[in-house]
file target.txt (compact mmCIF, C-alpha atoms)
# COMPACT_ATOMS: atom_id res chain seq x y z
CA MET A 1 -23.02 27.90 14.02
CA GLU A 2 -24.77 24.87 12.55
CA ALA A 3 -22.56 22.30 10.85
CA GLU A 4 -24.21 22.87 7.47
CA GLN A 5 -23.25 26.57 7.66
CA ILE A 6 -19.51 25.88 7.82
CA PRO A 7 -18.27 26.54 4.28
CA ALA A 8 -16.37 23.81 2.47
CA VAL A 9 -13.61 23.82 -0.14
CA LYS A 10 -13.65 21.42 -3.08
CA LEU A 11 -10.28 19.67 -3.10
CA SER A 12 -8.44 18.54 -6.25
CA SER A 13 -9.66 15.01 -5.41
CA GLY A 14 -13.23 16.18 -6.01
CA HIS A 15 -14.18 15.80 -2.33
CA LYS A 16 -15.36 18.68 -0.15
CA MET A 17 -13.63 19.59 3.11
CA PRO A 18 -15.11 21.91 5.79
CA LEU A 19 -12.90 25.02 6.09
CA ILE A 20 -12.91 24.97 9.91
CA GLY A 21 -11.59 21.83 11.58
CA MET A 22 -11.11 20.76 15.18
CA GLY A 23 -7.57 19.78 16.20
CA THR A 24 -7.10 16.85 18.58
CA ALA A 25 -3.41 17.09 19.57
CA THR A 26 -2.81 17.75 23.24
CA ILE A 27 -0.05 16.99 25.75
CA PRO A 28 -0.51 15.27 28.12
CA ILE A 29 -3.25 13.20 26.46
CA PRO A 30 -6.38 12.85 28.67
CA PRO A 31 -7.98 9.41 29.25
CA THR A 32 -9.89 8.12 26.19
CA ASP A 33 -13.37 8.60 27.68
CA ALA A 34 -12.60 12.19 28.80
CA LEU A 35 -11.20 13.07 25.38
CA ALA A 36 -14.17 11.44 23.59
CA SER A 37 -16.51 13.55 25.73
CA ILE A 38 -14.69 16.73 24.57
CA PHE A 39 -15.05 15.64 20.93
CA ILE A 40 -18.78 15.00 21.46
CA ASP A 41 -19.05 18.58 22.82
CA ALA A 42 -17.39 19.75 19.60
CA ILE A 43 -19.82 17.74 17.43
CA GLU A 44 -22.74 19.26 19.41
CA THR A 45 -21.21 22.71 18.83
CA GLY A 46 -21.20 22.14 15.06
CA TYR A 47 -17.74 20.75 14.19
CA ARG A 48 -17.74 18.05 11.53
CA HIS A 49 -14.08 18.16 10.46
CA PHE A 50 -11.67 16.57 12.97
CA ASP A 51 -7.90 16.38 12.58
CA THR A 52 -5.97 13.58 14.26
CA ALA A 53 -2.71 11.67 13.68
CA ALA A 54 -1.06 8.39 14.62
CA VAL A 55 1.39 10.30 16.82
CA TYR A 56 -1.31 12.24 18.75
CA GLY A 57 -2.78 9.19 20.49
CA SER A 58 -6.28 10.65 19.96
CA GLU A 59 -7.55 8.36 17.16
CA GLU A 60 -9.27 5.90 19.49
CA ALA A 61 -11.10 8.64 21.43
CA LEU A 62 -12.23 10.27 18.18
CA GLY A 63 -13.56 6.94 16.87
CA PHE A 64 -15.43 6.42 20.13
CA ALA A 65 -16.92 9.95 19.88
CA ILE A 66 -18.14 9.35 16.31
CA LYS A 67 -19.78 6.06 17.40
CA GLN A 68 -21.47 7.85 20.35
CA ALA A 69 -22.61 10.74 18.15
CA LEU A 70 -24.29 8.26 15.78
CA GLU A 71 -25.94 6.38 18.64
CA ARG A 72 -27.23 9.63 20.17
CA GLY A 73 -28.49 10.97 16.85
CA LEU A 74 -26.12 13.98 16.89
CA ILE A 75 -25.18 12.94 13.34
CA LYS A 76 -27.25 10.83 10.97
CA SER A 77 -24.36 9.03 9.24
CA ARG A 78 -20.58 8.68 9.09
CA GLU A 79 -20.71 10.64 5.79
CA GLU A 80 -21.51 13.83 7.76
CA MET A 81 -18.03 13.73 9.26
CA PHE A 82 -14.72 14.69 7.64
CA ILE A 83 -11.86 12.86 9.36
CA THR A 84 -8.20 13.67 8.72
CA SER A 85 -5.38 11.52 10.07
CA LYS A 86 -1.65 11.44 9.49
CA LEU A 87 0.99 8.80 8.89
CA GLY A 88 3.10 7.77 11.88
CA TYR A 89 6.76 8.82 11.73
CA THR A 90 7.93 5.19 11.91
CA ASP A 91 5.60 4.27 9.01
CA ALA A 92 6.98 6.85 6.56
CA HIS A 93 8.39 4.19 4.23
CA PRO A 94 6.83 2.85 0.99
CA ASP A 95 6.24 -0.63 2.51
CA LEU A 96 4.79 0.67 5.78
CA VAL A 97 2.29 3.34 4.67
CA LEU A 98 -0.65 0.99 4.01
CA PRO A 99 -0.23 -1.02 7.26
CA GLY A 100 0.03 2.33 9.10
CA LEU A 101 -3.27 3.53 7.64
CA GLN A 102 -4.92 0.19 8.42
CA ARG A 103 -3.92 0.56 12.10
CA THR A 104 -5.33 4.10 12.10
CA LEU A 105 -8.64 2.87 10.64
CA GLU A 106 -8.80 0.14 13.27
CA LYS A 107 -8.31 2.68 16.07
CA LEU A 108 -10.90 5.02 14.56
CA GLY A 109 -13.33 2.14 13.91
CA LEU A 110 -13.82 3.46 10.35
CA ASP A 111 -13.65 1.97 6.84
CA TYR A 112 -11.91 5.04 5.42
CA VAL A 113 -10.53 8.46 6.35
CA ASP A 114 -11.53 11.51 4.35
CA LEU A 115 -7.97 12.82 4.24
CA TYR A 116 -4.66 11.08 4.97
CA LEU A 117 -1.46 13.12 5.24
CA ILE A 118 2.26 12.39 5.41
CA HIS A 119 2.82 14.07 8.80
CA TRP A 120 6.41 15.29 8.22
CA PRO A 121 8.83 14.71 5.33
CA ALA A 122 10.78 12.52 7.76
CA ARG A 123 11.06 8.96 9.06
CA LEU A 124 12.05 7.29 12.34
CA LYS A 125 13.24 3.80 13.24
CA GLN A 126 10.55 1.32 14.29
CA GLY A 127 9.93 1.46 18.04
CA SER A 128 10.99 5.12 18.40
CA PRO A 129 9.22 7.10 21.14
CA ARG A 130 6.54 9.41 19.74
CA PHE A 131 8.03 12.67 20.93
CA ASN A 132 11.43 12.77 22.61
CA PHE A 133 13.18 10.43 20.20
CA PRO A 134 16.99 10.21 20.00
CA LYS A 135 18.29 11.84 16.83
CA GLU A 136 20.13 8.64 15.92
CA ASN A 137 16.66 7.19 15.19
CA ILE A 138 16.20 9.52 12.18
CA LEU A 139 16.29 7.54 8.91
CA PRO A 140 16.45 8.57 5.23
CA PHE A 141 13.10 9.66 3.79
CA ASP A 142 11.97 8.66 0.30
CA VAL A 143 9.81 11.58 -0.89
CA THR A 144 8.68 9.91 -4.13
CA GLY A 145 8.31 6.31 -2.94
CA THR A 146 6.37 7.27 0.19
CA TRP A 147 3.98 9.35 -1.92
CA LYS A 148 3.42 6.42 -4.32
CA ALA A 149 2.33 4.33 -1.31
CA MET A 150 -0.09 7.13 -0.32
CA GLU A 151 -1.53 6.93 -3.86
CA ASP A 152 -2.16 3.21 -3.29
CA CYS A 153 -4.18 4.06 -0.16
CA SER A 154 -6.26 6.43 -2.27
CA LYS A 155 -6.79 3.88 -5.07
CA LEU A 156 -7.95 1.28 -2.50
CA GLY A 157 -10.57 3.76 -1.24
CA LEU A 158 -9.10 3.77 2.29
CA ALA A 159 -8.39 7.52 2.02
CA LYS A 160 -10.79 9.66 -0.04
CA SER A 161 -8.13 12.37 -0.39
CA ILE A 162 -4.39 12.30 0.29
CA GLY A 163 -1.93 15.05 1.06
CA VAL A 164 1.13 16.14 2.99
CA SER A 165 2.02 18.23 6.01
CA ASN A 166 5.01 20.47 6.76
CA TYR A 167 6.23 20.38 3.14
CA GLY A 168 8.07 23.30 1.56
CA HIS A 169 7.82 24.18 -2.12
CA LYS A 170 10.79 22.02 -3.26
CA LYS A 171 9.43 18.84 -1.67
CA LEU A 172 6.01 19.61 -3.12
CA ALA A 173 7.53 20.14 -6.58
CA GLN A 174 9.42 16.84 -6.28
CA THR A 175 6.20 15.06 -5.27
CA LEU A 176 4.21 16.63 -8.13
CA GLN A 177 6.85 15.66 -10.67
CA HIS A 178 6.19 11.93 -10.16
CA ALA A 179 2.61 11.94 -8.82
CA THR A 180 -0.31 10.29 -10.58
CA VAL A 181 -2.56 11.65 -7.79
CA SER A 182 -1.60 15.16 -6.70
CA PRO A 183 -1.51 16.09 -3.01
CA ALA A 184 -4.92 17.60 -2.27
CA VAL A 185 -3.74 19.41 0.89
CA ASN A 186 -0.54 20.71 2.48
CA GLN A 187 -1.10 21.30 6.20
CA VAL A 188 1.48 23.71 7.64
CA GLU A 189 2.06 26.18 10.43
CA MET A 190 0.25 29.34 9.30
CA ASN A 191 -1.02 32.31 11.25
CA VAL A 192 -0.79 36.12 11.22
CA ALA A 193 2.72 35.84 12.74
CA TRP A 194 3.87 33.33 10.07
CA GLN A 195 1.85 34.20 7.00
CA GLN A 196 3.29 31.73 4.47
CA GLN A 197 2.50 33.94 1.46
CA LYS A 198 5.15 32.38 -0.79
CA LEU A 199 4.04 28.82 -0.04
CA LEU A 200 0.38 29.83 -0.33
CA ARG A 201 1.02 31.16 -3.86
CA PHE A 202 2.88 28.00 -4.87
CA CYS A 203 0.06 25.79 -3.56
CA LYS A 204 -2.66 27.82 -5.30
CA GLU A 205 -0.74 27.67 -8.60
CA ASN A 206 -0.52 23.89 -8.29
CA GLY A 207 -4.07 23.13 -7.12
CA ILE A 208 -3.01 22.22 -3.57
CA HIS A 209 -5.17 23.51 -0.72
CA LEU A 210 -3.23 25.03 2.18
CA SER A 211 -4.50 24.17 5.66
CA ALA A 212 -3.29 26.02 8.75
CA TRP A 213 -2.26 24.23 11.90
CA SER A 214 -1.43 26.42 14.90
CA PRO A 215 -3.63 29.27 13.59
CA LEU A 216 -3.36 30.95 17.01
CA SER A 217 0.33 30.00 17.42
CA ALA A 218 -0.70 27.55 20.17
CA ASN A 219 -1.51 30.56 22.38
CA GLY A 220 1.80 30.33 24.24
CA GLY A 221 1.37 26.62 25.04
CA PRO A 222 4.33 24.30 25.67
CA TRP A 223 5.72 24.86 22.15
CA GLY A 224 3.76 27.91 21.02
CA SER A 225 4.15 31.66 21.26
CA LEU A 226 1.98 34.65 22.18
CA ALA A 227 2.77 36.41 18.88
CA VAL A 228 -0.86 36.03 17.73
CA MET A 229 -2.93 36.37 20.89
CA GLU A 230 -0.87 39.28 22.28
CA SER A 231 -0.54 41.14 18.96
CA PRO A 232 -1.36 44.85 19.52
CA ILE A 233 -2.58 45.07 15.91
CA LEU A 234 -5.05 42.21 16.36
CA LYS A 235 -6.17 43.56 19.73
CA GLU A 236 -6.96 46.92 18.14
CA ILE A 237 -8.93 45.35 15.28
CA ALA A 238 -10.76 43.00 17.68
CA ALA A 239 -11.82 45.90 19.93
CA ALA A 240 -13.10 47.92 16.96
CA LYS A 241 -15.13 44.96 15.66
CA HIS A 242 -16.34 43.67 19.07
CA LYS A 243 -14.73 40.31 18.30
CA THR A 244 -12.10 38.23 20.08
CA VAL A 245 -8.44 38.31 18.99
CA ALA A 246 -8.79 34.61 18.06
CA GLN A 247 -11.74 35.38 15.77
CA ILE A 248 -9.76 38.08 13.94
CA ALA A 249 -6.77 35.71 13.56
CA LEU A 250 -8.95 32.89 12.21
CA ARG A 251 -10.86 35.19 9.86
CA TRP A 252 -7.56 36.37 8.38
CA ILE A 253 -6.67 32.75 7.47
CA TYR A 254 -10.14 32.24 5.99
CA ASP A 255 -9.58 35.36 3.85
CA GLN A 256 -6.40 33.76 2.46
CA GLU A 257 -8.60 30.93 1.10
CA ALA A 258 -6.93 28.51 3.51
CA SER A 259 -8.63 26.27 6.07
CA VAL A 260 -7.99 26.32 9.81
CA ILE A 261 -7.38 23.51 12.28
CA VAL A 262 -8.14 25.13 15.61
CA ARG A 263 -7.98 23.38 18.96
CA SER A 264 -9.84 24.45 22.06
CA PHE A 265 -11.32 22.02 24.56
CA ASN A 266 -13.40 24.82 26.13
CA LYS A 267 -17.00 24.70 24.83
CA GLN A 268 -17.45 28.49 24.79
CA ARG A 269 -14.25 29.01 22.80
CA MET A 270 -15.21 26.15 20.49
CA LYS A 271 -18.34 28.19 19.63
CA GLU A 272 -16.44 31.46 19.24
CA ASN A 273 -13.92 29.82 16.90
CA LEU A 274 -16.76 28.94 14.52
CA GLN A 275 -18.14 32.50 14.55
CA ILE A 276 -15.81 34.06 11.99
CA LEU A 277 -18.15 34.43 9.03
CA ASP A 278 -20.48 37.21 10.21
CA PHE A 279 -17.91 40.00 9.70
CA GLU A 280 -15.21 41.02 7.22
CA LEU A 281 -11.74 42.48 7.52
CA SER A 282 -11.30 45.72 5.58
CA GLN A 283 -8.45 46.31 3.16
CA ASP A 284 -6.95 48.70 5.70
CA GLU A 285 -7.09 46.03 8.43
CA LEU A 286 -5.57 43.42 6.12
CA GLU A 287 -2.72 45.85 5.36
CA LYS A 288 -2.13 46.37 9.11
CA ILE A 289 -1.96 42.59 9.63
CA LYS A 290 0.75 42.40 6.95
CA GLN A 291 2.93 44.55 9.28
CA ILE A 292 2.95 41.93 12.08
CA PRO A 293 6.55 40.68 12.62
CA GLN A 294 7.07 37.24 11.06
CA GLN A 295 8.58 34.26 12.83
CA ARG A 296 8.12 30.51 12.52
CA THR A 297 7.21 29.04 15.93
CA VAL A 298 7.91 25.34 15.29
CA LEU A 299 11.39 25.21 13.74
CA GLY A 300 11.58 21.41 13.59
CA GLU A 301 15.12 21.27 15.03
CA ARG A 302 14.41 17.70 16.16
CA TRP A 303 14.66 16.56 12.51
CA ILE A 304 18.13 18.10 12.00
CA HIS A 305 20.95 15.57 12.32
CA GLU A 306 24.25 15.05 10.53
CA ASN A 307 23.23 11.49 9.53
CA GLY A 308 19.60 12.34 8.71
CA PRO A 309 18.12 13.72 5.46
CA TYR A 310 18.29 17.32 6.77
CA LYS A 311 21.57 18.83 7.96
CA SER A 312 20.06 22.30 8.45
CA LEU A 313 16.74 24.09 8.95
CA GLU A 314 17.18 25.55 5.43
CA GLU A 315 17.14 22.01 4.02
CA LEU A 316 14.12 20.99 6.09
CA TRP A 317 12.08 24.06 5.06
CA ASP A 318 13.35 24.42 1.47
CA GLY A 319 15.06 27.69 2.35
CA ASP A 320 11.97 29.30 3.92
CA VAL A 321 13.01 29.62 7.57

call {"tool": "encode", "arguments": {"input": "target.txt", "output": "structure tokens"}}
result
Amino acid sequence: MEAEQIPAVKLSSGHKMPLIGMGTATIPIPPTDALASIFIDAIETGYRHFDTAAVYGSEEALGFAIKQALERGLIKSREEMFITSKLGYTDAHPDLVLPGLQRTLEKLGLDYVDLYLIHWPARLKQGSPRFNFPKENILPFDVTGTWKAMEDCSKLGLAKSIGVSNYGHKKLAQTLQHATVSPAVNQVEMNVAWQQQKLLRFCKENGIHLSAWSPLSANGGPWGSLAVMESPILKEIAAAKHKTVAQIALRWIYDQEASVIVRSFNKQRMKENLQILDFELSQDELEKIKQIPQQRTVLGERWIHENGPYKSLEELWDGDV
């Protein structure tokens, strides 16, 4: 699929975002030049929306890939790209948001990001390891103050749109109550095995676009499950439509008027993941998909601590566990 054929959604900020994005999180992280080469493959395949984060360690490689794509004429200008990044966990404090974004822009080699998200409604002590951090490093999180600092990034033009990630409806409501710039996007785990219908309704009612990370439930990776890729219901629909299970799963998200952040570093699968617009799911098939057992894959237990802001998973997810 050509890049111009990927449909876009107009966000509440007034900016357009391609509805299919390429994820860049991977463990272990490959060397920068190898990762940049994968991103260039994705640009050649037609991807223009890339999703990174301070914690992923992929910002530098993505910046290098954009520079290469411009030099090679794969894209005519930076404006063709839609780049999302996310606030580092240790920078989730009103005074640290802007410096955090400035470091991200430096790594990307860009003047602005198209979308900047608060990665989790959580904060860690400075110097914490990115992944296996001790729970004593969890600090209080200021929902309102941190969002105000995000608004400053928007007003300075360093982020065209701003949003959040992994927020439940109560944290969104609290943010909206004090916001002068509403969150344009809430990026959350969403797939056929965790359909997020309640949160989707809340977001639609409040003009927030829902974006799906882990749309294939990480395909049984180190933290994922096989609930999507091994679903008998999806396999049956895929066989009847001569499509892959992944294509059916991604099309379902598209039909919910949500966007997908899908990650494959295999060029053939990159292509297949874009080919979800040349077929439709029938009402009968959509009803069958509703019957898939529901279970959140990423519970976020690492953020639960007696001295932290969340003492239970119910608190972290606003009761939607």

call {"tool": "closest_residue", "arguments": {"input": "target.txt", "among": "A:Gly23, A:Pro18, A:Pro30, A:Gly109", "to": "A:Met81", "atoms": "only C-alpha atoms"}}
result
A:Pro18

call {"tool": "residues_around", "arguments": {"input": "target.txt", "residues": "stretch 197-200 of chain A", "least_positions_apart": "5", "cutoff": "10 Å", "atoms": "only C-alpha atoms", "output": "list in words"}}
result
Tyr167, Gly168, His169, Leu172, Asn186, Val188, Met190, Glu205, Asn206, Ile208, His209, Leu210, Ser211, Gln256, Glu257, Ala258 and Asp320 of chain A

call {"tool": "write_last_selection", "arguments": {"input": "target.txt", "atoms": "C-alpha atoms", "output": "PDB file, in the frame of the given file"}}
result
ATOM      1  CA  TYR A 167       6.230  20.380   3.140  1.00  0.00           C
ATOM      2  CA  GLY A 168       8.070  23.300   1.560  1.00  0.00           C
ATOM      3  CA  HIS A 169       7.820  24.180  -2.120  1.00  0.00           C
ATOM      4  CA  LEU A 172       6.010  19.610  -3.120  1.00  0.00           C
ATOM      5  CA  ASN A 186      -0.540  20.710   2.480  1.00  0.00           C
ATOM      6  CA  VAL A 188       1.480  23.710   7.640  1.00  0.00           C
ATOM      7  CA  MET A 190       0.250  29.340   9.300  1.00  0.00           C
ATOM      8  CA  GLU A 205      -0.740  27.670  -8.600  1.00  0.00           C
ATOM      9  CA  ASN A 206      -0.520  23.890  -8.290  1.00  0.00           C
ATOM     10  CA  ILE A 208      -3.010  22.220  -3.570  1.00  0.00           C
ATOM     11  CA  HIS A 209      -5.170  23.510  -0.720  1.00  0.00           C
ATOM     12  CA  LEU A 210      -3.230  25.030   2.180  1.00  0.00           C
ATOM     13  CA  SER A 211      -4.500  24.170   5.660  1.00  0.00           C
ATOM     14  CA  GLN A 256      -6.400  33.760   2.460  1.00  0.00           C
ATOM     15  CA  GLU A 257      -8.600  30.930   1.100  1.00  0.00           C
ATOM     16  CA  ALA A 258      -6.930  28.510   3.510  1.00  0.00           C
ATOM     17  CA  ASP A 320      11.970  29.300   3.920  1.00  0.00           C
TER      18      ASP A 320
END

call {"tool": "atom_distance", "arguments": {"input": "target.txt", "atom1": "atom CA of A:Ile138", "atom2": "atom CA of A:Ser312"}}
result
13.9 Å

call {"tool": "residues_around", "arguments": {"input": "target.txt", "residues": "A:Ser161", "least_positions_apart": "3", "cutoff": "10 Å", "atoms": "all atoms listed in the file", "output": "number ranges by chain"}}
result
A: 11-17, 84, 113-117, 150-151, 153-155, 157-158, 181-185

call {"tool": "write_last_selection", "arguments": {"input": "target.txt", "atoms": "C-alpha atoms", "output": "PDB file, in the coordinates of the input"}}
result
ATOM      1  CA  LEU A  11     -10.280  19.670  -3.100  1.00  0.00           C
ATOM      2  CA  SER A  12      -8.440  18.540  -6.250  1.00  0.00           C
ATOM      3  CA  SER A  13      -9.660  15.010  -5.410  1.00  0.00           C
ATOM      4  CA  GLY A  14     -13.230  16.180  -6.010  1.00  0.00           C
ATOM      5  CA  HIS A  15     -14.180  15.800  -2.330  1.00  0.00           C
ATOM      6  CA  LYS A  16     -15.360  18.680  -0.150  1.00  0.00           C
ATOM      7  CA  MET A  17     -13.630  19.590   3.110  1.00  0.00           C
ATOM      8  CA  THR A  84      -8.200  13.670   8.720  1.00  0.00           C
ATOM      9  CA  VAL A 113     -10.530   8.460   6.350  1.00  0.00           C
ATOM     10  CA  ASP A 114     -11.530  11.510   4.350  1.00  0.00           C
ATOM     11  CA  LEU A 115      -7.970  12.820   4.240  1.00  0.00           C
ATOM     12  CA  TYR A 116      -4.660  11.080   4.970  1.00  0.00           C
ATOM     13  CA  LEU A 117      -1.460  13.120   5.240  1.00  0.00           C
ATOM     14  CA  MET A 150      -0.090   7.130  -0.320  1.00  0.00           C
ATOM     15  CA  GLU A 151      -1.530   6.930  -3.860  1.00  0.00           C
ATOM     16  CA  CYS A 153      -4.180   4.060  -0.160  1.00  0.00           C
ATOM     17  CA  SER A 154      -6.260   6.430  -2.270  1.00  0.00           C
ATOM     18  CA  LYS A 155      -6.790   3.880  -5.070  1.00  0.00           C
ATOM     19  CA  GLY A 157     -10.570   3.760  -1.240  1.00  0.00           C
ATOM     20  CA  LEU A 158      -9.100   3.770   2.290  1.00  0.00           C
ATOM     21  CA  VAL A 181      -2.560  11.650  -7.790  1.00  0.00           C
ATOM     22  CA  SER A 182      -1.600  15.160  -6.700  1.00  0.00           C
ATOM     23  CA  PRO A 183      -1.510  16.090  -3.010  1.00  0.00           C
ATOM     24  CA  ALA A 184      -4.920  17.600  -2.270  1.00  0.00           C
ATOM     25  CA  VAL A 185      -3.740  19.410   0.890  1.00  0.00           C
TER      26      VAL A 185
END

call {"tool": "atom_distance", "arguments": {"input": "target.txt", "atom1": "atom CA of A:Leu313", "atom2": "atom CA of A:Lys86"}}
result
22.3 Å
